[in-house]
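For reference, my_file-v3.cif is printed below; it contains mmCIF, C-alpha atoms.
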data_model
#
loop_
_atom_site.label_atom_id
_atom_site.label_comp_id
_atom_site.auth_asym_id
_atom_site.auth_seq_id
_atom_site.Cartn_x
_atom_site.Cartn_y
_atom_site.Cartn_z
CA LEU D 17 -33.39 25.52 79.61
CA LYS D 18 -36.62 27.16 78.55
CA ALA D 19 -40.21 26.01 78.13
CA VAL D 20 -42.70 26.99 75.42
CA ILE D 21 -46.40 26.37 76.11
CA LEU D 22 -48.61 26.47 73.00
CA ILE D 23 -51.97 27.96 74.03
CA GLY D 24 -53.67 28.33 70.63
CA GLY D 25 -56.23 31.06 70.01
CA PRO D 26 -59.91 32.01 70.05
CA GLN D 27 -60.83 30.13 66.88
CA LYS D 28 -59.41 26.98 68.48
CA GLY D 29 -61.17 25.22 71.34
CA THR D 30 -64.58 25.38 69.66
CA ARG D 31 -65.52 22.06 71.27
CA PHE D 32 -65.02 23.78 74.61
CA ARG D 33 -67.85 26.23 74.06
CA PRO D 34 -69.79 27.80 75.74
CA LEU D 35 -67.14 27.84 78.48
CA SER D 36 -64.44 29.31 76.21
CA PHE D 37 -66.70 32.31 75.49
CA GLU D 38 -65.86 33.73 78.93
CA VAL D 39 -62.15 33.01 79.38
CA PRO D 40 -59.39 31.80 77.06
CA LYS D 41 -59.48 28.00 77.21
CA PRO D 42 -55.96 27.74 78.77
CA LEU D 43 -57.22 29.75 81.76
CA PHE D 44 -60.21 27.48 82.41
CA PRO D 45 -59.89 26.10 85.97
CA VAL D 46 -59.12 22.38 86.16
CA ALA D 47 -58.80 20.98 89.71
CA GLY D 48 -58.99 24.51 91.09
CA VAL D 49 -56.23 26.21 89.07
CA PRO D 50 -56.02 27.44 85.45
CA MET D 51 -55.35 24.62 82.99
CA VAL D 52 -52.01 26.09 81.90
CA GLN D 53 -50.83 26.56 85.51
CA HIS D 54 -50.32 22.81 85.78
CA HIS D 55 -47.80 23.11 82.93
CA ILE D 56 -46.05 26.07 84.57
CA GLU D 57 -45.85 24.25 87.91
CA ALA D 58 -44.29 21.25 86.17
CA CYS D 59 -41.64 23.51 84.60
CA ALA D 60 -40.96 25.58 87.72
CA LYS D 61 -41.51 22.63 90.08
CA VAL D 62 -42.62 24.86 92.95
CA ARG D 63 -44.78 22.60 95.03
CA GLY D 64 -47.35 24.00 97.44
CA ALA D 65 -46.46 27.60 96.60
CA GLY D 66 -48.43 30.81 96.42
CA GLY D 67 -51.83 31.85 95.14
CA VAL D 68 -53.94 28.73 95.30
CA ARG D 69 -52.53 27.22 98.46
CA ALA D 70 -55.98 27.06 99.97
CA ARG D 71 -56.72 25.71 103.38
CA ALA D 72 -59.20 23.97 101.18
CA GLY D 73 -61.41 22.49 103.86
CA GLY D 74 -61.56 25.66 105.94
CA PRO D 75 -59.51 26.58 109.02
CA GLY D 76 -57.35 23.96 110.63
CA PRO D 77 -53.74 22.88 110.99
CA PRO D 78 -51.68 23.01 107.78
CA SER D 79 -51.07 19.79 105.89
CA PRO D 80 -47.72 18.12 106.52
CA PRO D 81 -45.09 19.16 103.98
CA CYS D 82 -44.67 16.76 101.09
CA PRO D 83 -41.24 15.83 99.74
CA LEU D 84 -40.27 18.07 96.84
CA PRO D 85 -39.83 16.29 93.51
CA PRO D 86 -36.53 16.80 91.70
CA GLN D 87 -36.26 20.29 90.28
CA VAL D 88 -35.96 20.81 86.56
CA PRO D 89 -32.45 22.27 86.66
CA GLY D 90 -31.63 25.49 84.88
CA MET D 91 -35.18 26.48 83.84
CA LYS D 92 -34.66 30.16 83.00
CA GLU D 93 -37.88 31.27 81.29
CA ILE D 94 -41.37 30.09 80.33
CA LEU D 95 -42.93 31.41 77.12
CA LEU D 96 -46.65 31.18 76.37
CA MET D 97 -47.29 31.29 72.64
CA GLY D 98 -50.58 31.73 70.84
CA PHE D 99 -52.76 34.11 68.87
CA TYR D 100 -55.10 35.41 71.55
CA GLN D 101 -55.29 39.19 71.58
CA PRO D 102 -53.72 40.75 74.69
CA HIS D 103 -56.38 39.84 77.19
CA GLU D 104 -56.94 41.32 80.65
CA ALA D 105 -57.40 37.90 82.24
CA LEU D 106 -54.28 36.55 80.50
CA SER D 107 -52.17 39.54 81.57
CA ARG D 108 -53.39 39.26 85.15
CA PHE D 109 -52.57 35.54 85.20
CA LEU D 110 -49.04 36.11 83.85
CA VAL D 111 -48.29 38.74 86.50
CA SER D 112 -49.52 36.56 89.37
CA ALA D 113 -47.78 33.44 88.00
CA GLN D 114 -44.43 35.28 87.75
CA GLN D 115 -44.75 36.43 91.35
CA GLU D 116 -45.78 32.98 92.55
CA PHE D 117 -43.21 30.85 90.74
CA LYS D 118 -40.31 33.34 90.73
CA ILE D 119 -39.51 32.71 87.07
CA PRO D 120 -39.88 35.00 84.01
CA ILE D 121 -43.09 34.16 82.12
CA ARG D 122 -43.92 35.99 78.88
CA TYR D 123 -46.65 35.82 76.27
CA LEU D 124 -45.63 35.86 72.60
CA GLN D 125 -48.56 36.68 70.32
CA GLU D 126 -48.58 35.20 66.81
CA TYR D 127 -50.00 37.42 64.06
CA ALA D 128 -52.04 34.44 62.79
CA ALA D 129 -52.47 30.74 63.52
CA LEU D 130 -49.05 29.43 62.48
CA GLY D 131 -49.38 25.79 63.54
CA THR D 132 -47.39 23.99 66.22
CA GLY D 133 -44.10 24.43 64.35
CA GLY D 134 -44.70 27.78 62.65
CA GLY D 135 -45.09 29.63 65.94
CA ILE D 136 -41.85 28.45 67.49
CA TYR D 137 -40.01 29.07 64.19
CA HIS D 138 -41.40 32.61 63.99
CA PHE D 139 -40.20 33.35 67.56
CA ARG D 140 -36.97 31.34 67.37
CA ASP D 141 -34.82 34.37 68.30
CA GLN D 142 -36.85 34.88 71.48
CA ILE D 143 -36.57 31.20 72.38
CA LEU D 144 -32.82 31.08 71.78
CA SER D 145 -32.03 34.43 73.47
CA GLY D 146 -29.75 33.98 76.46
CA GLY D 147 -28.11 30.95 74.88
CA ALA D 148 -30.79 28.33 75.51
CA GLU D 149 -29.24 24.87 75.14
CA ALA D 150 -32.57 23.04 75.05
CA PHE D 151 -36.26 23.82 75.42
CA PHE D 152 -39.49 21.99 76.11
CA VAL D 153 -42.60 22.48 73.97
CA LEU D 154 -45.89 21.64 75.69
CA ASN D 155 -49.39 21.76 74.24
CA ALA D 156 -51.73 23.53 76.65
CA ASP D 157 -54.67 21.19 76.04
CA VAL D 158 -53.08 18.10 77.57
CA CYS D 159 -53.24 16.91 81.16
CA SER D 160 -50.20 14.97 82.35
CA GLU D 161 -47.72 14.22 85.11
CA PHE D 162 -45.22 16.07 82.86
CA PRO D 163 -42.12 13.89 83.45
CA LEU D 164 -39.81 16.66 82.21
CA GLN D 165 -36.84 15.72 84.40
CA GLU D 166 -37.11 12.13 83.20
CA MET D 167 -37.15 13.31 79.57
CA LEU D 168 -33.92 15.26 80.19
CA GLU D 169 -32.22 12.24 81.73
CA PHE D 170 -33.49 10.00 78.91
CA ARG D 171 -31.97 12.33 76.29
CA GLN D 172 -28.60 12.19 78.07
CA GLN D 173 -28.69 8.40 77.97
CA HIS D 174 -29.97 8.06 74.39
CA GLY D 175 -28.91 9.84 71.24
CA ASP D 176 -26.49 12.74 71.05
CA ALA D 177 -26.50 16.35 72.18
CA HIS D 178 -28.63 17.35 69.16
CA SER D 179 -31.32 14.68 69.40
CA PHE D 180 -34.99 15.41 70.15
CA VAL D 181 -37.42 13.60 72.45
CA ILE D 182 -41.19 13.07 72.11
CA LEU D 183 -43.18 12.02 75.17
CA GLY D 184 -45.22 8.94 74.26
CA THR D 185 -47.77 6.75 76.00
CA THR D 186 -49.68 3.56 75.18
CA ALA D 187 -53.24 3.65 73.78
CA ASN D 188 -55.48 0.79 72.71
CA ARG D 189 -55.42 -0.22 69.05
CA THR D 190 -58.71 1.44 68.13
CA GLN D 191 -58.13 4.79 69.81
CA ALA D 192 -54.52 5.05 68.62
CA LEU D 193 -55.89 6.07 65.20
CA ASN D 194 -57.01 9.40 66.72
CA TYR D 195 -53.45 10.43 67.62
CA GLY D 196 -49.97 10.68 66.19
CA CYS D 197 -48.60 7.11 66.13
CA ILE D 198 -44.94 6.30 66.79
CA VAL D 199 -43.00 3.20 65.69
CA ALA D 200 -39.77 2.99 67.71
CA ASN D 201 -36.77 0.69 67.98
CA ALA D 202 -37.44 -1.51 71.03
CA ASP D 203 -33.83 -1.27 72.25
CA THR D 204 -32.83 2.33 71.55
CA GLN D 205 -36.31 3.98 71.48
CA GLU D 206 -35.30 5.78 68.27
CA VAL D 207 -38.39 6.83 66.29
CA GLN D 208 -38.33 4.95 63.00
CA HIS D 209 -41.76 5.90 61.67
CA TYR D 210 -44.29 8.61 62.56
CA VAL D 211 -47.84 9.00 61.21
CA GLU D 212 -50.37 11.59 62.38
CA LYS D 213 -53.88 10.12 62.78
CA PRO D 214 -53.37 7.14 60.42
CA SER D 215 -56.31 5.53 58.66
CA THR D 216 -55.13 2.02 59.61
CA PHE D 217 -53.33 0.67 62.66
CA VAL D 218 -49.65 1.68 62.87
CA SER D 219 -48.63 1.54 66.54
CA GLU D 220 -50.05 1.60 70.07
CA ILE D 221 -47.51 4.25 71.12
CA ILE D 222 -49.03 7.72 70.70
CA ASN D 223 -47.68 11.25 70.80
CA CYS D 224 -48.48 13.10 74.06
CA GLY D 225 -47.85 16.60 72.66
CA ILE D 226 -44.84 17.23 74.96
CA TYR D 227 -41.40 17.57 73.37
CA LEU D 228 -37.78 18.27 74.28
CA PHE D 229 -35.84 20.10 71.55
CA THR D 230 -32.41 21.62 71.02
CA PRO D 231 -31.78 24.66 68.80
CA ALA D 232 -30.98 22.21 65.98
CA ILE D 233 -34.74 21.70 65.49
CA PHE D 234 -34.96 25.10 63.80
CA GLN D 235 -32.80 23.88 60.92
CA HIS D 236 -35.36 21.13 60.22
CA ILE D 237 -38.34 23.50 60.57
CA GLY D 238 -36.51 25.98 58.32
CA GLU D 239 -36.19 23.33 55.61
CA VAL D 240 -39.97 22.84 55.71
CA PHE D 241 -40.45 26.62 55.49
CA GLN D 242 -38.15 26.87 52.45
CA ARG D 243 -39.93 23.96 50.78
CA ASN D 244 -43.32 25.58 51.44
CA GLN D 245 -42.12 28.82 49.88
CA GLN D 246 -40.81 27.07 46.78
CA GLU D 247 -44.07 25.21 46.31
CA LEU D 248 -46.01 28.45 46.68
CA VAL D 249 -43.87 30.19 44.06
CA LEU D 250 -44.75 27.37 41.68
CA GLU D 251 -48.43 27.68 42.52
CA GLU D 252 -48.34 31.51 42.48
CA SER D 253 -50.89 31.52 45.24
CA SER D 254 -52.28 34.91 46.25
CA ASN D 255 -52.09 34.37 50.02
CA GLY D 256 -48.97 32.24 49.96
CA TRP D 257 -47.07 34.17 52.65
CA GLN D 258 -49.36 32.90 55.37
CA ARG D 259 -49.45 29.34 54.08
CA ALA D 260 -45.66 29.13 53.94
CA GLU D 261 -45.44 30.15 57.59
CA VAL D 262 -47.97 27.54 58.75
CA ILE D 263 -45.87 24.56 59.83
CA ARG D 264 -47.11 21.56 61.78
CA LEU D 265 -44.49 19.83 63.91
CA GLU D 266 -46.27 16.52 63.73
CA GLN D 267 -47.02 16.13 60.01
CA ASP D 268 -44.26 18.32 58.53
CA VAL D 269 -41.28 17.78 60.86
CA PHE D 270 -41.61 14.51 62.80
CA THR D 271 -42.61 12.51 59.73
CA ALA D 272 -39.40 13.65 57.98
CA LEU D 273 -37.18 13.20 61.08
CA ALA D 274 -38.34 9.63 61.76
CA GLY D 275 -35.61 7.13 60.89
CA SER D 276 -32.86 9.77 60.80
CA GLY D 277 -31.37 8.87 64.19
CA LYS D 278 -32.29 12.27 65.67
CA LEU D 279 -35.77 11.61 67.12
CA TYR D 280 -36.47 9.46 70.18
CA VAL D 281 -39.55 8.61 72.22
CA TYR D 282 -39.68 8.52 76.01
CA LYS D 283 -42.62 6.32 77.05
CA THR D 284 -44.41 7.27 80.25
CA ASP D 285 -46.67 5.09 82.40
CA GLY D 286 -48.00 8.18 84.20
CA PHE D 287 -51.45 9.61 83.58
CA TRP D 288 -52.15 11.54 80.39
CA SER D 289 -55.25 12.85 78.66
CA GLN D 290 -56.27 15.48 76.15
CA ILE D 291 -58.60 18.31 77.17
CA LYS D 292 -60.54 18.95 73.97
CA SER D 293 -64.12 19.11 75.26
CA ALA D 294 -65.73 20.26 78.48
CA GLY D 295 -66.41 16.61 79.39
CA SER D 296 -62.70 15.84 79.22
CA ALA D 297 -62.07 18.74 81.66
CA ILE D 298 -63.96 16.83 84.38
CA TYR D 299 -61.87 13.73 83.69
CA ALA D 300 -58.65 15.81 83.74
CA SER D 301 -59.78 17.38 87.02
CA ARG D 302 -60.08 13.87 88.49
CA LEU D 303 -56.54 12.98 87.37
CA TYR D 304 -55.04 16.17 88.83
CA LEU D 305 -57.02 15.94 92.10
CA ASN D 306 -55.72 12.39 92.47
CA GLN D 307 -52.16 13.64 91.95
CA TYR D 308 -52.63 16.37 94.58
CA SER D 309 -52.44 13.76 97.36
CA LYS D 310 -48.70 13.56 96.52
CA SER D 311 -47.90 16.96 95.01
CA HIS D 312 -50.28 19.44 96.70
CA PRO D 313 -52.00 17.85 99.72
CA GLU D 314 -52.81 21.34 101.00
CA ARG D 315 -55.22 21.80 98.08
CA LEU D 316 -57.42 18.86 99.06
CA ALA D 317 -60.34 19.45 101.41
CA GLN D 318 -60.52 17.39 104.60
CA ASN D 319 -63.45 16.28 106.74
CA LYS D 320 -63.55 18.58 109.76
CA PRO D 321 -66.03 19.13 112.62
CA GLY D 322 -68.70 21.58 111.46
CA GLY D 323 -67.62 21.30 107.83
CA PRO D 324 -69.24 19.59 104.83
CA VAL D 325 -68.94 15.86 104.24
CA ILE D 326 -65.99 15.22 101.89
CA ARG D 327 -65.83 12.00 99.89
CA GLY D 328 -62.71 11.32 97.86
CA ASN D 329 -60.66 14.13 96.35
CA VAL D 330 -62.27 17.58 96.54
CA TYR D 331 -60.85 21.08 96.00
CA ILE D 332 -62.63 23.99 97.73
CA HIS D 333 -61.49 27.58 97.27
CA PRO D 334 -61.03 29.23 100.69
CA THR D 335 -63.57 31.96 99.83
CA ALA D 336 -66.37 29.45 99.12
CA SER D 337 -69.23 29.15 101.61
CA ILE D 338 -70.29 25.51 102.10
CA ASP D 339 -73.10 24.42 104.41
CA SER D 340 -72.09 21.74 106.91
CA THR D 341 -74.86 19.40 105.67
CA ALA D 342 -73.61 19.41 102.06
CA VAL D 343 -71.95 16.26 100.67
CA LEU D 344 -69.16 16.83 98.12
CA GLY D 345 -67.11 14.39 96.08
CA PRO D 346 -65.53 12.45 94.70
CA ASN D 347 -63.86 14.61 92.01
CA VAL D 348 -65.38 17.99 92.79
CA SER D 349 -63.79 21.41 92.34
CA ILE D 350 -65.48 24.40 94.00
CA GLY D 351 -64.36 27.83 92.78
CA GLU D 352 -63.96 31.26 94.32
CA GLY D 353 -66.98 32.78 96.09
CA VAL D 354 -69.26 29.79 95.45
CA THR D 355 -72.24 29.32 97.79
CA VAL D 356 -73.43 25.77 98.53
CA GLY D 357 -76.64 25.45 100.58
CA ALA D 358 -77.98 22.87 103.02
CA GLY D 359 -78.33 19.26 101.90
CA VAL D 360 -76.66 19.84 98.53
CA ARG D 361 -75.02 16.83 96.79
CA VAL D 362 -72.23 17.45 94.27
CA ARG D 363 -70.29 14.67 92.53
CA GLU D 364 -67.91 14.55 89.51
CA SER D 365 -68.42 18.26 88.80
CA ILE D 366 -66.71 21.63 88.47
CA VAL D 367 -68.49 24.60 90.05
CA LEU D 368 -67.01 27.88 88.79
CA HIS D 369 -66.62 31.13 90.74
CA GLY D 370 -69.63 33.02 91.97
CA ALA D 371 -72.09 30.16 91.38
CA SER D 372 -74.84 29.47 93.89
CA LEU D 373 -76.33 26.03 94.62
CA HIS D 374 -79.48 26.47 96.69
CA ASP D 375 -80.66 24.03 99.37
CA HIS D 376 -81.05 20.35 98.45
CA THR D 377 -79.88 20.64 94.84
CA CYS D 378 -78.19 17.63 93.24
CA VAL D 379 -75.34 18.27 90.75
CA LEU D 380 -73.77 15.25 89.01
CA ASN D 381 -71.33 15.14 86.05
CA THR D 382 -71.83 18.85 85.39
CA ILE D 383 -69.88 22.06 84.88
CA VAL D 384 -71.72 24.94 86.55
CA GLY D 385 -70.74 28.23 84.88
CA TRP D 386 -69.60 31.46 86.49
CA ASP D 387 -72.30 33.28 88.54
CA SER D 388 -74.95 30.67 87.70
CA THR D 389 -77.75 29.82 90.12
CA ILE D 390 -79.45 26.46 90.68
CA GLY D 391 -82.75 26.63 92.60
CA ARG D 392 -83.89 24.52 95.56
CA TRP D 393 -84.50 20.80 94.98
CA ALA D 394 -83.35 21.04 91.34
CA ARG D 395 -81.38 18.19 89.77
CA VAL D 396 -78.68 18.92 87.16
CA GLU D 397 -77.07 15.81 85.74
CA GLY D 398 -74.95 14.72 82.80
CA THR D 399 -73.57 11.47 81.41
CA PRO D 400 -69.81 10.99 81.91
CA SER D 401 -67.62 10.31 78.88
CA ASP D 402 -64.89 8.52 80.82
CA PRO D 403 -62.46 6.03 79.26
CA ASN D 404 -63.28 2.33 79.60
CA PRO D 405 -62.25 1.50 83.22
CA ASN D 406 -61.53 -2.12 82.24
CA ASP D 407 -58.89 -1.13 79.67
CA PRO D 408 -55.71 0.26 81.25
CA TYR D 409 -54.73 1.89 77.93
CA ALA D 410 -58.10 3.44 77.08
CA LYS D 411 -58.19 7.19 76.42
CA ILE D 412 -61.12 9.57 76.55
CA ASP D 413 -63.07 9.63 73.27
CA SER D 414 -63.50 12.91 71.41
CA GLU D 415 -67.24 12.48 71.01
CA THR D 416 -69.03 14.41 68.31
CA LEU D 417 -71.78 16.71 69.57
CA PHE D 418 -74.44 15.02 67.44
CA ARG D 419 -74.95 11.44 66.27
CA ASP D 420 -77.79 10.39 63.94
CA GLY D 421 -79.25 13.88 64.26
CA ARG D 422 -79.47 13.70 68.06
CA LEU D 423 -77.39 15.30 70.77
CA THR D 424 -74.92 12.75 72.14
CA PRO D 425 -75.52 12.27 75.89
CA SER D 426 -72.62 13.89 77.69
CA ILE D 427 -71.90 16.02 80.72
CA THR D 428 -74.26 18.93 81.35
CA ILE D 429 -72.77 22.40 80.87
CA LEU D 430 -74.26 25.60 82.23
CA GLY D 431 -72.72 28.72 80.68
CA CYS D 432 -72.12 31.83 82.76
CA SER D 433 -75.04 33.57 84.54
CA VAL D 434 -77.55 30.76 83.89
CA THR D 435 -80.53 30.54 86.22
CA ILE D 436 -82.15 27.15 86.87
CA PRO D 437 -85.54 27.36 88.69
CA ALA D 438 -86.48 25.30 91.72
CA GLU D 439 -87.64 21.69 91.40
CA VAL D 440 -86.68 21.07 87.75
CA VAL D 441 -84.45 18.45 86.11
CA ILE D 442 -81.76 19.38 83.55
CA LEU D 443 -80.33 16.23 81.95
CA ASN D 444 -77.52 15.88 79.35
CA SER D 445 -77.99 19.45 78.14
CA ILE D 446 -75.87 22.45 77.20
CA VAL D 447 -77.21 25.84 78.29
CA LEU D 448 -75.68 28.90 76.66
CA PRO D 449 -74.78 31.93 78.80
CA HIS D 450 -77.31 34.37 80.32
CA LYS D 451 -80.32 32.04 80.08
CA GLU D 452 -83.12 31.95 82.61
CA LEU D 453 -84.85 28.60 82.31
CA SER D 454 -88.45 28.03 83.31
CA ARG D 455 -88.85 24.23 83.03
CA SER D 456 -87.04 20.90 82.79
CA TYR D 457 -84.90 19.93 79.75
CA LYS D 458 -83.39 16.68 78.51
CA ASN D 459 -80.83 16.12 75.71
CA GLN D 460 -81.01 19.67 74.39
CA ILE D 461 -78.84 22.64 73.52
CA ILE D 462 -80.66 25.65 74.93
CA LEU D 463 -79.83 28.69 72.84
#
Written as structure tokens, that's how I'd like the structure from this file.
Amino acid sequence: LKAVILIGGPQKGTRFRPLSFEVPKPLFPVAGVPMVQHHIEACAKVRGAGGVRARAGGPGPPSPPCPLPPQVPGMKEILLMGFYQPHEALSRFLVSAQQEFKIPIRYLQEYAALGTGGGIYHFRDQILSGGAEAFFVLNADVCSEFPLQEMLEFRQQHGDAHSFVILGTTANRTQALNYGCIVANADTQEVQHYVEKPSTFVSEIINCGIYLFTPAIFQHIGEVFQRNQQELVLEESSNGWQRAEVIRLEQDVFTALAGSGKLYVYKTDGFWSQIKSAGSAIYASRLYLNQYSKSHPERLAQNKPGGPVIRGNVYIHPTASIDSTAVLGPNVSIGEGVTVGAGVRVRESIVLHGASLHDHTCVLNTIVGWDSTIGRWARVEGTPSDPNPNDPYAKIDSETLFRDGRLTPSITILGCSVTIPAEVVILNSIVLPHKELSRSYKNQIIL
């Protein structure tokens, strides 16, 4: 078994700016660890191991060991695939992840954006080396329980040795139009029809962007590649070589495979969300922090004598300095080297490494960028973009930045090295990096 994690490239993740200016989006910390580390942990299934095993609430007895989930058997290698240039932060992460999870992890750099299918087709020899019998493909911008073991068992029970499995979940009828929609046989779960982002309602079962393939998938991707080349010869396009290589699994491959008896859907009731915008990162952080109570209890901060007040699920890096009168949570992630002063209130927020929250600041529904400073008695607040809590199948909406010429109220984002003065209010605003503000702002992008 192998796993391929599709991490995209710098011209992707534009909705994640200004945070993706500083680090590649897959390395952005969600619930205290890089976004893509959740995927790697799911593949390696090493629970409570290495690097981030913080005594999150400060010194104290270790948390009781949690039962290990079933291992994904035979996972031999994890491949990250994308078109980021070799990046110091990415290289450092790969080295530390290999040491932590005791599994080979490599980065394969595409020469251009080849699409979800073009990349794995281009590197098919690397994926198949060592005689891989099957491999997972995971999109880096999803947050999930990653039921990989269950997908393996499902494939053994359904279909044949050469069948493929898509992870699916249920969305409401309106939001399903924003995803790939799957029509499946109710008894066998064979995919009979697949449409990517249909214009009218097709199905409430949506594609989660997590797949289980066998080497036979490359024959189907190869047919798309050949067809693309033939069409380009007819068109005599000048830059046809690149266009022929760009292959999208969803539109080009799944649509053709549907109804052939080779494609199945495994429906999960576990949590799942996309991480397209910074606002969705706070929601994903909440989902992962909630899961930590079972999978990584040692990462959750506890109320201790002389420590800050913890409400709900909170992650605190062991190097952070938190005043005992601060109140944190629920859904708060405090990064490396963060300083939190007296009387500070933080809720539904991510505070990135090196940030400083001075005494009596209030931070709600906000991402505080690296090395940013918020002055005394300042209030920094955003508007959450959570799914409808009354609809069990609701997903997070991919809100547009502007509506009717106005900035859509959303979470507040402070880029890196932003300075907020004392006693001001920043509401529903996005502040680009290296800004020193002098007054209050509301519903603005501060360039």
**OP:** Would you mind listing what lies within 7 Å of Thr435 in chain D as a PyMOL selection string, with only C-alpha atoms counted and same-chain residues fewer than 2 positions away left out?
**Re:** chain D and resi 388-390+433+437+451-453
Original post:
Do you know which residues are at most 10 Å from range 166-177 of chain D counting only C-alpha atoms, after dropping those on the same chain fewer than 3 positions away, and could you put them as a count of residues only?
Top reply: 29
Subject >> For CA of Val330 in chain D and CA of Leu154 in chain D, the interatomic separation in Å (one decimal) >> reply: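 If I compute the distance from CA of Val330 in chain D to CA of Leu154 in chain D, I get 26.8 Å.
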**OP:** Work out how far CA of Leu316 in chain D is from CA of Ala58 in chain D, in Å to one decimal.
**Re:**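 CA of Ala58 in chain D sits 18.6 Å away from CA of Leu316 in chain D.
If you apply the PyMOL selection byres ((chain D and resi 333) around 7) to this structure, you end up with Ala70, Ala72, Tyr331, Ile332, Pro334, Thr335, Ala336, Ile350, Gly351 and Glu352 of chain D.
Every polymer residue reaching to within 6 Å of (-78.7, 16.6, 86.6), counting all atoms listed in the file, appears in this list: Val379, Leu380, Arg395, Val396, Glu397, Gly398, Ile442 and Leu443 of chain D.
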Subject >> Residue neighbourhood Lys458 in chain D, 12 Å, only C-alpha atoms, exclusion window fewer than 4 positions, as a ChimeraX atom specification >> reply: /D:395-399,422-428,440-447,462
Export, as a tab-separated table (two decimals), in the frame of the given file, the selected residues with C-alpha atoms.
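Once written, again-v1.tsv looks like this:
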chain	number	residue	atom	x	y	z
D	395	ARG	CA	-81.38	18.19	89.77
D	396	VAL	CA	-78.68	18.92	87.16
D	397	GLU	CA	-77.07	15.81	85.74
D	398	GLY	CA	-74.95	14.72	82.80
D	399	THR	CA	-73.57	11.47	81.41
D	422	ARG	CA	-79.47	13.70	68.06
D	423	LEU	CA	-77.39	15.30	70.77
D	424	THR	CA	-74.92	12.75	72.14
D	425	PRO	CA	-75.52	12.27	75.89
D	426	SER	CA	-72.62	13.89	77.69
D	427	ILE	CA	-71.90	16.02	80.72
D	428	THR	CA	-74.26	18.93	81.35
D	440	VAL	CA	-86.68	21.07	87.75
D	441	VAL	CA	-84.45	18.45	86.11
D	442	ILE	CA	-81.76	19.38	83.55
D	443	LEU	CA	-80.33	16.23	81.95
D	444	ASN	CA	-77.52	15.88	79.35
D	445	SER	CA	-77.99	19.45	78.14
D	446	ILE	CA	-75.87	22.45	77.20
D	447	VAL	CA	-77.21	25.84	78.29
D	462	ILE	CA	-80.66	25.65	74.93
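Of the residues listed (D:Val434, D:Val240, D:Val348, D:Ala358), D:Val348 shows the shortest atom-to-atom separation from Ala300 in chain D; distances use all atoms listed in the file.
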**OP:** Run the PyMOL selection byres ((chain D and resi 128) around 10) against the file shown and list the residues it catches, as JSON, numbers by chain.
**Re:** {"D": [25, 98, 99, 100, 125, 126, 127, 129, 130, 131, 134, 135, 258, 261, 262]}
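Between CA of Ala105 in chain D and CA of Ala148 in chain D the separation is 29.1 Å.
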Reconstructed N, CA and C atoms for range 381-392 of chain D, given as a short mmCIF file (atom, residue, chain, number, x, y, z; two decimals), in the frame of the given file:
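The resulting file, part.cif, is reproduced below:
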data_model
loop_
_atom_site.label_atom_id
_atom_site.label_comp_id
_atom_site.auth_asym_id
_atom_site.auth_seq_id
_atom_site.Cartn_x
_atom_site.Cartn_y
_atom_site.Cartn_z
N ASN D 381 -71.93 15.13 87.40
CA ASN D 381 -71.33 15.14 86.05
C ASN D 381 -71.68 16.43 85.30
N THR D 382 -71.41 17.55 85.93
CA THR D 382 -71.83 18.85 85.39
C THR D 382 -70.74 19.89 85.59
N ILE D 383 -70.66 20.85 84.65
CA ILE D 383 -69.88 22.06 84.88
C ILE D 383 -70.88 23.20 85.06
N VAL D 384 -70.83 23.83 86.23
CA VAL D 384 -71.72 24.94 86.55
C VAL D 384 -70.95 26.24 86.28
N GLY D 385 -71.45 27.04 85.33
CA GLY D 385 -70.74 28.23 84.88
C GLY D 385 -70.67 29.33 85.91
N TRP D 386 -69.82 30.32 85.61
CA TRP D 386 -69.60 31.46 86.49
C TRP D 386 -70.93 32.16 86.80
N ASP D 387 -71.14 32.48 88.09
CA ASP D 387 -72.30 33.28 88.54
C ASP D 387 -73.64 32.64 88.18
N SER D 388 -73.67 31.35 87.96
CA SER D 388 -74.95 30.67 87.70
C SER D 388 -75.64 30.31 89.02
N THR D 389 -76.96 30.13 88.93
CA THR D 389 -77.75 29.82 90.12
C THR D 389 -78.62 28.59 89.85
N ILE D 390 -78.60 27.64 90.78
CA ILE D 390 -79.45 26.46 90.68
C ILE D 390 -80.42 26.49 91.86
N GLY D 391 -81.73 26.47 91.57
CA GLY D 391 -82.75 26.63 92.60
C GLY D 391 -82.91 25.40 93.49
N ARG D 392 -83.69 25.58 94.57
CA ARG D 392 -83.89 24.52 95.56
C ARG D 392 -84.48 23.26 94.93
#
